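Chemist: Sending over a structure as structure tokens; questions will come in a sec.
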Amino acid sequence: MSFLSQTLSKTNQISKYLIPVSSRTLASFNKIQSLKYTTMSSKNVTINATHPDNETAKGTIEKINDDSQYLLPLYGRPNVIFNHGEGAYVYDTAERKYLDFAAGIAVNTLGHNNPIIINAIKEQISKIIHVSNLYHNENPAKLAKLIVESLEKKGKFADGAKVFFGNSGTEANEAAIKFARRYGKTFSQDKNVIISFNHAFHGRSLGALSATPNPKYQDPFSPLLPGFKYSPYNDIEAAKKNIDENVCGVIIEVVQGEGGLTPAKKEFIQYLRKRCDEVNALLIIDEIQTGVGRTGKLYAHQHFDITPDIFTLAKPLGGGIPIGATILSEKVAKTIKPGDHGTTFGGNSLATHVGAAVFETINKPQFLSEVTEKGEYLKKSLKEATKGSKIVKEVRGLGLMIGVGLDEKITPAAVADVCRQQGLLVITCGMNTLRLLPPLIVTKDEIDRGVSIISKSIKYLEDKL
Ligand SMILES: Cc1ncc(COP(=O)(O)O)c(C=O)c1O
């Protein structure tokens, strides 16, 4: 085979999976002795909650103050500086060890310092990091092929699918919204409305933010984009009314991550699928937080027995290297033409190579069934450990994406503070909920330890009411 025909054959293989958006040329803690967590045995956690500032490592406040001269102050953060991690643990500058049930907000699913990720990074950086989308490179199609081949060949994916790579969840959703508008316009100029749901979070760019009906995020940046409408989550009657012929796309998280860890009702998602088909709108599932194994299935929409027209991935896909992916059914992909969308960094050689290593590791029946088992174990253990608590209203979620709904008397931020002082990182979300996103490689012993710290931290705060 000549070099050109080899290249052409490779190019054809590549274009089988990637969406043709760019035209390209043809070349191929000072240690706090009183804190017991340093022993790290699972169930015997003693709560010794001191104010975080009292237990701050020497020099930390000075360093944070120093840094604040240069960094835009967008985030409220505790007085701890993390500088390394191993498995399910991170360490601060005083070498204090924290069990990490935040996992970089669902990013570090394979844990910290994982050799699979380290080796993939090393393998790639000495070859090439970035080529740009003006030229072909091998890695994006490798990951796109893995994603496309992971899809059940039924429903909307029966004819195949194509992948567009960006660099973040926001970008993946922004692309999905644009693609839905592009699709709608092939039918009518008026078919441009995007429906999203109360308490949703889809990102902070103006498009993604317009689909995120939270006044705290939206109001400072109004006016938002025209053509966005909101409907109540899990409300079939309202969806029926709101999703009409002018709708080109309906975007939804099947478990709302920021919104309070609320899983959608199966009937609701199945109704959305049906309604979208009736009015020729695209069903877009935002799997930025739920995707790539987090809920015990490779994609959370698989719990609902539906196939979306578009779904989006990001957070865990690159194991910490930024990447986003928008996956389109063939029918939608056909409406996108070269030049319609694009990115400089998206699909770069490094991110897609690491993404392929992460994806291959997680997309194994045994790995996924262990996530389901550990998720059920975490939920059951939390329910048992908090039985009788007047503060814990509900433990909910899917797989290793668990929310602990709290009574308004205690904020999840207060619980997260006490947990952190005991060596456990947890985060918060809407509906006064504590959000647990442990790495998918977490062990049952680590789950026992996390549950013990959470239940005792809640009890500690409850006793002070
Ligand atoms: C469901 C969902 N969509 C979109 C985003 C935005 O992703 P990113 O922060 O990578 O832009 C997030 C981030 O938390 C998310 O949870």
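Letters A, B, ... mark the chains of the structure tokens in the order given; residue numbers begin at 1 per chain; ligand numbers begin at 1, in order shown.
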When the cut-off is 6 Å and you count only C-alpha atoms and all ligand atoms, which residues lie near ligand 1, shown as a VMD selection string?
Modeler: chain A and resid 168 to 170 201 to 203 257 to 258 286 288 to 289 315
Chemist: Applying 8 Å and only C-alpha atoms, which residues near His353 (chain A) remain after dropping the ones on its own chain fewer than 6 positions away? List them as a PyMOL selection string.
Modeler: chain A and resi 120-121+124+139-140+142-143
Chemist: For a test of reading the model, state the distance in Å between CA of Met401 (chain A) and CA of Thr295 (chain A), rounded to one decimal.
Modeler: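 Rounded to one decimal, the two atoms are 6.3 Å apart.
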Chemist: CA of Tyr91 (chain A) and CA of Leu461 (chain A) are how many Å apart?
Modeler: 25.3 Å
Chemist: Return the single residue from A:Gln422, A:Asn113, A:Gln69, A:Gln189 that is closest to Asn83 (chain A), with distances computed using only C-alpha atoms.
Modeler: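 Residue with the minimum atom-to-atom distance to Asn83 (chain A): A:Asn113.
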Chemist: Please report, as an MDAnalysis selection string, each residue of region 268-413 of chain A to which DSSP assigns alpha helix (DSSP H) when run on this structure's backbone.
Modeler: chainID A and resid 268:279 330:333 349:362 365:385 412:413
Chemist: Would you export the selected residues with N, CA and C atoms as a short mmCIF file (atom, residue, chain, number, x, y, z; two decimals), in the first residue's frame, please?
Modeler:
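Saved result, result-v4.cif, follows:
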data_model
loop_
_atom_site.label_atom_id
_atom_site.label_comp_id
_atom_site.auth_asym_id
_atom_site.auth_seq_id
_atom_site.Cartn_x
_atom_site.Cartn_y
_atom_site.Cartn_z
N PHE A 268 -40.08 9.38 33.82
CA PHE A 268 -39.88 10.75 33.34
C PHE A 268 -38.90 10.77 32.16
N ILE A 269 -37.77 10.08 32.34
CA ILE A 269 -36.77 10.07 31.25
C ILE A 269 -37.34 9.37 30.03
N GLN A 270 -38.08 8.29 30.28
CA GLN A 270 -38.67 7.58 29.13
C GLN A 270 -39.72 8.44 28.44
N TYR A 271 -40.44 9.24 29.24
CA TYR A 271 -41.42 10.16 28.63
C TYR A 271 -40.69 11.21 27.77
N LEU A 272 -39.58 11.74 28.31
CA LEU A 272 -38.84 12.75 27.53
C LEU A 272 -38.39 12.17 26.19
N ARG A 273 -37.93 10.91 26.26
CA ARG A 273 -37.51 10.27 25.01
C ARG A 273 -38.67 10.25 24.00
N LYS A 274 -39.84 9.84 24.50
CA LYS A 274 -41.02 9.72 23.63
C LYS A 274 -41.43 11.09 23.10
N ARG A 275 -41.47 12.06 24.02
CA ARG A 275 -41.93 13.40 23.62
C ARG A 275 -40.97 14.03 22.60
N CYS A 276 -39.66 13.84 22.83
CA CYS A 276 -38.68 14.38 21.87
C CYS A 276 -38.91 13.78 20.49
N ASP A 277 -39.19 12.49 20.46
CA ASP A 277 -39.44 11.85 19.16
C ASP A 277 -40.69 12.43 18.51
N GLU A 278 -41.72 12.69 19.33
CA GLU A 278 -42.98 13.21 18.78
C GLU A 278 -42.79 14.56 18.10
N VAL A 279 -41.94 15.42 18.70
CA VAL A 279 -41.80 16.78 18.15
C VAL A 279 -40.47 16.96 17.41
N GLU A 330 -25.76 9.22 14.62
CA GLU A 330 -25.44 9.44 13.20
C GLU A 330 -26.38 10.48 12.57
N LYS A 331 -27.66 10.38 12.93
CA LYS A 331 -28.67 11.28 12.35
C LYS A 331 -28.31 12.75 12.64
N VAL A 332 -27.85 13.03 13.85
CA VAL A 332 -27.50 14.41 14.21
C VAL A 332 -26.17 14.78 13.55
N ALA A 333 -25.23 13.84 13.61
CA ALA A 333 -23.89 14.13 13.07
C ALA A 333 -23.97 14.52 11.59
N SER A 349 -3.47 15.24 21.47
CA SER A 349 -2.86 13.90 21.52
C SER A 349 -2.74 13.39 22.95
N LEU A 350 -2.34 14.27 23.87
CA LEU A 350 -2.13 13.83 25.25
C LEU A 350 -3.45 13.45 25.92
N ALA A 351 -4.42 14.38 25.86
CA ALA A 351 -5.69 14.13 26.58
C ALA A 351 -6.39 12.90 26.05
N THR A 352 -6.36 12.70 24.73
CA THR A 352 -7.11 11.56 24.18
C THR A 352 -6.37 10.25 24.44
N HIS A 353 -5.05 10.29 24.49
CA HIS A 353 -4.29 9.06 24.79
C HIS A 353 -4.57 8.64 26.24
N VAL A 354 -4.51 9.60 27.16
CA VAL A 354 -4.79 9.29 28.56
C VAL A 354 -6.26 8.87 28.70
N GLY A 355 -7.14 9.58 27.98
CA GLY A 355 -8.57 9.24 28.01
C GLY A 355 -8.81 7.79 27.61
N ALA A 356 -8.09 7.34 26.60
CA ALA A 356 -8.26 5.95 26.13
C ALA A 356 -7.83 4.98 27.23
N ALA A 357 -6.75 5.30 27.93
CA ALA A 357 -6.27 4.40 29.00
C ALA A 357 -7.28 4.34 30.14
N VAL A 358 -7.84 5.51 30.50
CA VAL A 358 -8.85 5.56 31.58
C VAL A 358 -10.10 4.79 31.15
N PHE A 359 -10.55 5.07 29.94
CA PHE A 359 -11.80 4.48 29.45
C PHE A 359 -11.69 2.96 29.39
N GLU A 360 -10.56 2.45 28.89
CA GLU A 360 -10.37 1.00 28.78
C GLU A 360 -10.34 0.33 30.15
N THR A 361 -9.81 1.05 31.14
CA THR A 361 -9.74 0.49 32.49
C THR A 361 -11.13 0.37 33.10
N ILE A 362 -11.95 1.42 32.89
CA ILE A 362 -13.27 1.45 33.54
C ILE A 362 -14.30 0.60 32.79
N PRO A 365 -16.79 -5.20 32.62
CA PRO A 365 -17.94 -5.62 33.43
C PRO A 365 -17.60 -5.74 34.91
N GLN A 366 -16.43 -6.31 35.22
CA GLN A 366 -16.05 -6.53 36.62
C GLN A 366 -15.86 -5.19 37.35
N PHE A 367 -15.18 -4.25 36.68
CA PHE A 367 -14.95 -2.93 37.29
C PHE A 367 -16.29 -2.27 37.60
N LEU A 368 -17.19 -2.30 36.60
CA LEU A 368 -18.47 -1.62 36.76
C LEU A 368 -19.35 -2.30 37.81
N SER A 369 -19.32 -3.65 37.84
CA SER A 369 -20.17 -4.31 38.84
C SER A 369 -19.63 -4.05 40.25
N GLU A 370 -18.30 -3.87 40.37
CA GLU A 370 -17.75 -3.52 41.70
C GLU A 370 -18.20 -2.11 42.13
N VAL A 371 -18.32 -1.21 41.15
CA VAL A 371 -18.80 0.15 41.48
C VAL A 371 -20.22 0.04 42.03
N THR A 372 -21.06 -0.75 41.36
CA THR A 372 -22.44 -0.92 41.81
C THR A 372 -22.46 -1.49 43.24
N GLU A 373 -21.66 -2.53 43.43
CA GLU A 373 -21.63 -3.19 44.74
C GLU A 373 -21.14 -2.22 45.83
N LYS A 374 -20.07 -1.47 45.54
CA LYS A 374 -19.53 -0.55 46.53
C LYS A 374 -20.50 0.61 46.78
N GLY A 375 -21.20 1.03 45.73
CA GLY A 375 -22.19 2.10 45.88
C GLY A 375 -23.32 1.67 46.80
N GLU A 376 -23.79 0.42 46.58
CA GLU A 376 -24.88 -0.08 47.43
C GLU A 376 -24.39 -0.24 48.87
N TYR A 377 -23.15 -0.68 49.01
CA TYR A 377 -22.57 -0.85 50.34
C TYR A 377 -22.45 0.51 51.05
N LEU A 378 -22.02 1.53 50.30
CA LEU A 378 -21.89 2.87 50.88
C LEU A 378 -23.25 3.41 51.31
N LYS A 379 -24.23 3.23 50.46
CA LYS A 379 -25.58 3.74 50.77
C LYS A 379 -26.13 3.03 52.01
N LYS A 380 -26.02 1.70 52.01
CA LYS A 380 -26.56 0.90 53.12
C LYS A 380 -25.83 1.25 54.42
N SER A 381 -24.50 1.36 54.35
CA SER A 381 -23.72 1.66 55.56
C SER A 381 -24.07 3.05 56.10
N LEU A 382 -24.27 4.01 55.19
CA LEU A 382 -24.62 5.37 55.63
C LEU A 382 -25.99 5.37 56.30
N LYS A 383 -26.93 4.62 55.70
CA LYS A 383 -28.28 4.57 56.29
C LYS A 383 -28.21 3.96 57.68
N GLU A 384 -27.44 2.87 57.81
CA GLU A 384 -27.34 2.22 59.12
C GLU A 384 -26.66 3.12 60.14
N ALA A 385 -25.56 3.77 59.72
CA ALA A 385 -24.78 4.58 60.65
C ALA A 385 -25.52 5.84 61.08
N PRO A 412 -24.56 21.42 54.90
CA PRO A 412 -23.58 20.42 54.47
C PRO A 412 -22.15 20.96 54.57
N ALA A 413 -22.00 22.28 54.42
CA ALA A 413 -20.65 22.87 54.51
C ALA A 413 -20.08 22.67 55.91
#
Chemist: Pull the strand (DSSP E or B) assignments for region 84-261 of chain A out of DSSP run on the backbone, and list those residues as a ChimeraX atom specification.
Modeler: /A:84-87,89-92,97-100,112,161-166,193-197,228-231,247-252,255-256
Chemist: So that I have them on file, write out the residues from the current selection with N, CA and C atoms, as an mmCIF file, in the first residue's frame.
Modeler:
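Saved file part00.cif follows:
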data_model
loop_
_atom_site.group_PDB
_atom_site.id
_atom_site.type_symbol
_atom_site.label_atom_id
_atom_site.label_comp_id
_atom_site.auth_asym_id
_atom_site.auth_seq_id
_atom_site.Cartn_x
_atom_site.Cartn_y
_atom_site.Cartn_z
ATOM 1 N N HIS A 84 0.082 16.352 47.247
ATOM 2 C CA HIS A 84 0.235 15.059 46.588
ATOM 3 C C HIS A 84 -0.856 14.101 47.015
ATOM 4 N N GLY A 85 -0.961 13.003 46.272
ATOM 5 C CA GLY A 85 -2.005 12.027 46.566
ATOM 6 C C GLY A 85 -1.558 10.637 46.180
ATOM 7 N N GLU A 86 -2.245 9.676 46.735
ATOM 8 C CA GLU A 86 -1.934 8.272 46.441
ATOM 9 C C GLU A 86 -3.218 7.482 46.616
ATOM 10 N N GLY A 87 -3.673 6.823 45.562
ATOM 11 C CA GLY A 87 -4.903 6.040 45.662
ATOM 12 C C GLY A 87 -6.075 6.928 46.049
ATOM 13 N N TYR A 89 -6.317 8.713 48.689
ATOM 14 C CA TYR A 89 -5.887 9.693 49.698
ATOM 15 C C TYR A 89 -5.168 10.875 49.074
ATOM 16 N N VAL A 90 -5.362 12.045 49.691
ATOM 17 C CA VAL A 90 -4.536 13.207 49.354
ATOM 18 C C VAL A 90 -3.825 13.672 50.616
ATOM 19 N N TYR A 91 -2.723 14.370 50.439
ATOM 20 C CA TYR A 91 -1.896 14.818 51.562
ATOM 21 C C TYR A 91 -1.720 16.319 51.480
ATOM 22 N N ASP A 92 -1.729 16.968 52.658
ATOM 23 C CA ASP A 92 -1.493 18.406 52.649
ATOM 24 C C ASP A 92 -0.016 18.688 52.877
ATOM 25 N N LYS A 97 -2.967 13.199 56.096
ATOM 26 C CA LYS A 97 -3.584 12.307 55.122
ATOM 27 C C LYS A 97 -5.104 12.458 55.154
ATOM 28 N N TYR A 98 -5.716 12.633 54.001
ATOM 29 C CA TYR A 98 -7.171 12.791 53.925
ATOM 30 C C TYR A 98 -7.730 11.749 52.968
ATOM 31 N N LEU A 99 -8.771 11.075 53.399
ATOM 32 C CA LEU A 99 -9.496 10.172 52.513
ATOM 33 C C LEU A 99 -10.325 11.059 51.577
ATOM 34 N N ASP A 100 -10.188 10.827 50.284
ATOM 35 C CA ASP A 100 -10.726 11.799 49.330
ATOM 36 C C ASP A 100 -12.041 11.319 48.717
ATOM 37 N N HIS A 112 -5.510 8.813 42.957
ATOM 38 C CA HIS A 112 -4.348 9.685 42.706
ATOM 39 C C HIS A 112 -3.110 8.847 42.419
ATOM 40 N N ALA A 161 -22.324 6.362 15.693
ATOM 41 C CA ALA A 161 -22.289 7.663 16.365
ATOM 42 C C ALA A 161 -20.960 8.324 16.044
ATOM 43 N N LYS A 162 -20.866 9.610 16.316
ATOM 44 C CA LYS A 162 -19.610 10.339 16.095
ATOM 45 C C LYS A 162 -19.293 11.136 17.354
ATOM 46 N N VAL A 163 -18.009 11.432 17.513
ATOM 47 C CA VAL A 163 -17.565 12.106 18.733
ATOM 48 C C VAL A 163 -16.882 13.425 18.388
ATOM 49 N N PHE A 164 -17.204 14.447 19.163
ATOM 50 C CA PHE A 164 -16.466 15.722 19.087
ATOM 51 C C PHE A 164 -15.750 15.921 20.423
ATOM 52 N N PHE A 165 -14.458 16.202 20.393
ATOM 53 C CA PHE A 165 -13.722 16.419 21.638
ATOM 54 C C PHE A 165 -13.487 17.900 21.919
ATOM 55 N N GLY A 166 -13.763 18.303 23.154
ATOM 56 C CA GLY A 166 -13.407 19.631 23.641
ATOM 57 C C GLY A 166 -12.533 19.452 24.886
ATOM 58 N N VAL A 193 -35.494 26.273 20.215
ATOM 59 C CA VAL A 193 -35.649 26.364 21.680
ATOM 60 C C VAL A 193 -34.961 25.193 22.370
ATOM 61 N N ILE A 194 -34.248 25.515 23.441
ATOM 62 C CA ILE A 194 -33.589 24.494 24.265
ATOM 63 C C ILE A 194 -34.335 24.446 25.600
ATOM 64 N N ILE A 195 -34.739 23.232 25.989
ATOM 65 C CA ILE A 195 -35.393 23.047 27.296
ATOM 66 C C ILE A 195 -34.386 22.447 28.268
ATOM 67 N N SER A 196 -34.294 23.027 29.472
ATOM 68 C CA SER A 196 -33.520 22.391 30.543
ATOM 69 C C SER A 196 -34.396 22.404 31.800
ATOM 70 N N PHE A 197 -33.876 21.905 32.919
ATOM 71 C CA PHE A 197 -34.731 21.628 34.072
ATOM 72 C C PHE A 197 -34.278 22.359 35.326
ATOM 73 N N PHE A 228 -34.074 29.841 25.573
ATOM 74 C CA PHE A 228 -33.944 28.806 26.608
ATOM 75 C C PHE A 228 -35.176 28.827 27.508
ATOM 76 N N LYS A 229 -35.731 27.638 27.768
ATOM 77 C CA LYS A 229 -36.896 27.549 28.654
ATOM 78 C C LYS A 229 -36.642 26.476 29.686
ATOM 79 N N TYR A 230 -37.266 26.639 30.868
ATOM 80 C CA TYR A 230 -37.017 25.706 31.965
ATOM 81 C C TYR A 230 -38.293 24.989 32.362
ATOM 82 N N SER A 231 -38.143 23.732 32.756
ATOM 83 C CA SER A 231 -39.291 22.922 33.119
ATOM 84 C C SER A 231 -38.959 22.217 34.434
ATOM 85 N N VAL A 247 -39.046 23.219 19.785
ATOM 86 C CA VAL A 247 -37.904 22.768 20.600
ATOM 87 C C VAL A 247 -36.958 21.946 19.725
ATOM 88 N N CYS A 248 -35.678 22.318 19.778
ATOM 89 C CA CYS A 248 -34.688 21.526 19.025
ATOM 90 C C CYS A 248 -33.925 20.601 19.965
ATOM 91 N N GLY A 249 -33.833 20.944 21.248
ATOM 92 C CA GLY A 249 -33.057 20.115 22.165
ATOM 93 C C GLY A 249 -33.567 20.180 23.587
ATOM 94 N N VAL A 250 -33.533 19.027 24.272
ATOM 95 C CA VAL A 250 -33.919 18.937 25.686
ATOM 96 C C VAL A 250 -32.706 18.400 26.413
ATOM 97 N N ILE A 251 -32.117 19.198 27.314
ATOM 98 C CA ILE A 251 -30.885 18.765 27.990
ATOM 99 C C ILE A 251 -31.176 18.450 29.449
ATOM 100 N N ILE A 252 -30.682 17.303 29.902
ATOM 101 C CA ILE A 252 -30.990 16.873 31.273
ATOM 102 C C ILE A 252 -29.873 16.009 31.847
ATOM 103 N N VAL A 255 -29.021 12.120 36.891
ATOM 104 C CA VAL A 255 -28.892 12.348 38.339
ATOM 105 C C VAL A 255 -28.317 13.761 38.435
ATOM 106 N N GLN A 256 -29.075 14.659 39.078
ATOM 107 C CA GLN A 256 -28.585 16.046 39.131
ATOM 108 C C GLN A 256 -27.420 16.134 40.114
#
Chemist: Kindly give the distance, in Å, that separates CA of Leu434 (chain A) and CA of Ile454 (chain A), rounded to a single decimal.
Modeler: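 CA of Ile454 (chain A) lies 9.6 Å from CA of Leu434 (chain A).
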Chemist: Any idea what's packed within 9 Å of Glu267 (chain A), counting only C-alpha atoms, ignoring anything in its chain fewer than 5 positions away? Could you give it as a list in words?
Modeler: Asn234, Ile236, Leu272 and Phe304 of chain A
Chemist: Residues near Asn137 (chain A), anyone? I mean within 9 Å using only C-alpha atoms, not counting same-chain ones fewer than 2 positions away, as a PyMOL selection string.
Modeler: chain A and resi 27-28+130-133+135+139-141+348-349
Chemist: Grab the residues selected above and save them as an mmCIF file, in the first residue's frame with C-alpha atoms.
Modeler:
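Result saved to selection03.cif:
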data_model
loop_
_atom_site.group_PDB
_atom_site.id
_atom_site.type_symbol
_atom_site.label_atom_id
_atom_site.label_comp_id
_atom_site.auth_asym_id
_atom_site.auth_seq_id
_atom_site.Cartn_x
_atom_site.Cartn_y
_atom_site.Cartn_z
ATOM 1 C CA ALA A 27 -1.079 14.174 6.499
ATOM 2 C CA SER A 28 -1.097 11.585 8.901
ATOM 3 C CA HIS A 130 -0.526 18.669 20.654
ATOM 4 C CA VAL A 131 -0.921 18.810 16.894
ATOM 5 C CA SER A 132 -4.056 20.983 16.463
ATOM 6 C CA ASN A 133 -7.119 19.988 14.513
ATOM 7 C CA TYR A 135 -3.936 17.962 10.956
ATOM 8 C CA ASN A 139 -5.150 9.410 19.343
ATOM 9 C CA PRO A 140 -8.544 11.161 19.121
ATOM 10 C CA ALA A 141 -9.934 8.472 16.815
ATOM 11 C CA ASN A 348 -5.235 16.837 21.623
ATOM 12 C CA SER A 349 -2.860 13.902 21.519
#
Chemist: Can you list, as a list in words, every protein, DNA or RNA residue that comes within 9 Å of Cys419 (chain A) when you count only C-alpha atoms, leaving out same-chain residues fewer than 3 positions away?
Modeler: Ile47, Ala49, Ala414, Val415, Ala416, Gln422, Gly423, Leu424, Leu425, Val426, Gly450, Ile453, Ile454, Lys456, Ser457 and Ile458 of chain A
Chemist: From the list A:Val392, A:Val254, A:Leu436, A:Ala176, which residue is nearest Thr312 (chain A) when using only C-alpha atoms?
Modeler: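 Once distances to Thr312 (chain A) are computed over only C-alpha atoms, the minimum belongs to A:Ala176.
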Chemist: Check the smallest atom-to-atom distance from each of A:Gly184, A:Lys240, A:Thr411, A:Leu440 to Gly296 (chain A) using only C-alpha atoms, then report the winner.
Modeler: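 Ranking A:Gly184, A:Lys240, A:Thr411, A:Leu440 by distance to Gly296 (chain A), first place goes to A:Leu440.
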Chemist: So, with only C-alpha atoms as the atoms that count, which of A:Lys122, A:Leu398, A:Lys154, A:Lys390 lies closest to Pro263 (chain A)?
Modeler: A:Leu398
Chemist: Determine the nearest neighbour of Ile336 (chain A) from the options A:Cys429, A:Ile310, A:Ile117, A:Ala180, counting only C-alpha atoms.
Modeler: A:Ala180
Chemist: Restricting the calculation to only C-alpha atoms: of A:Arg181, A:Lys409, A:Lys156, A:Lys337, which residue gets closest to Asp305 (chain A)?
Modeler: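 Going through A:Arg181, A:Lys409, A:Lys156, A:Lys337 one by one, the smallest distance to Asp305 (chain A) is for A:Lys156.
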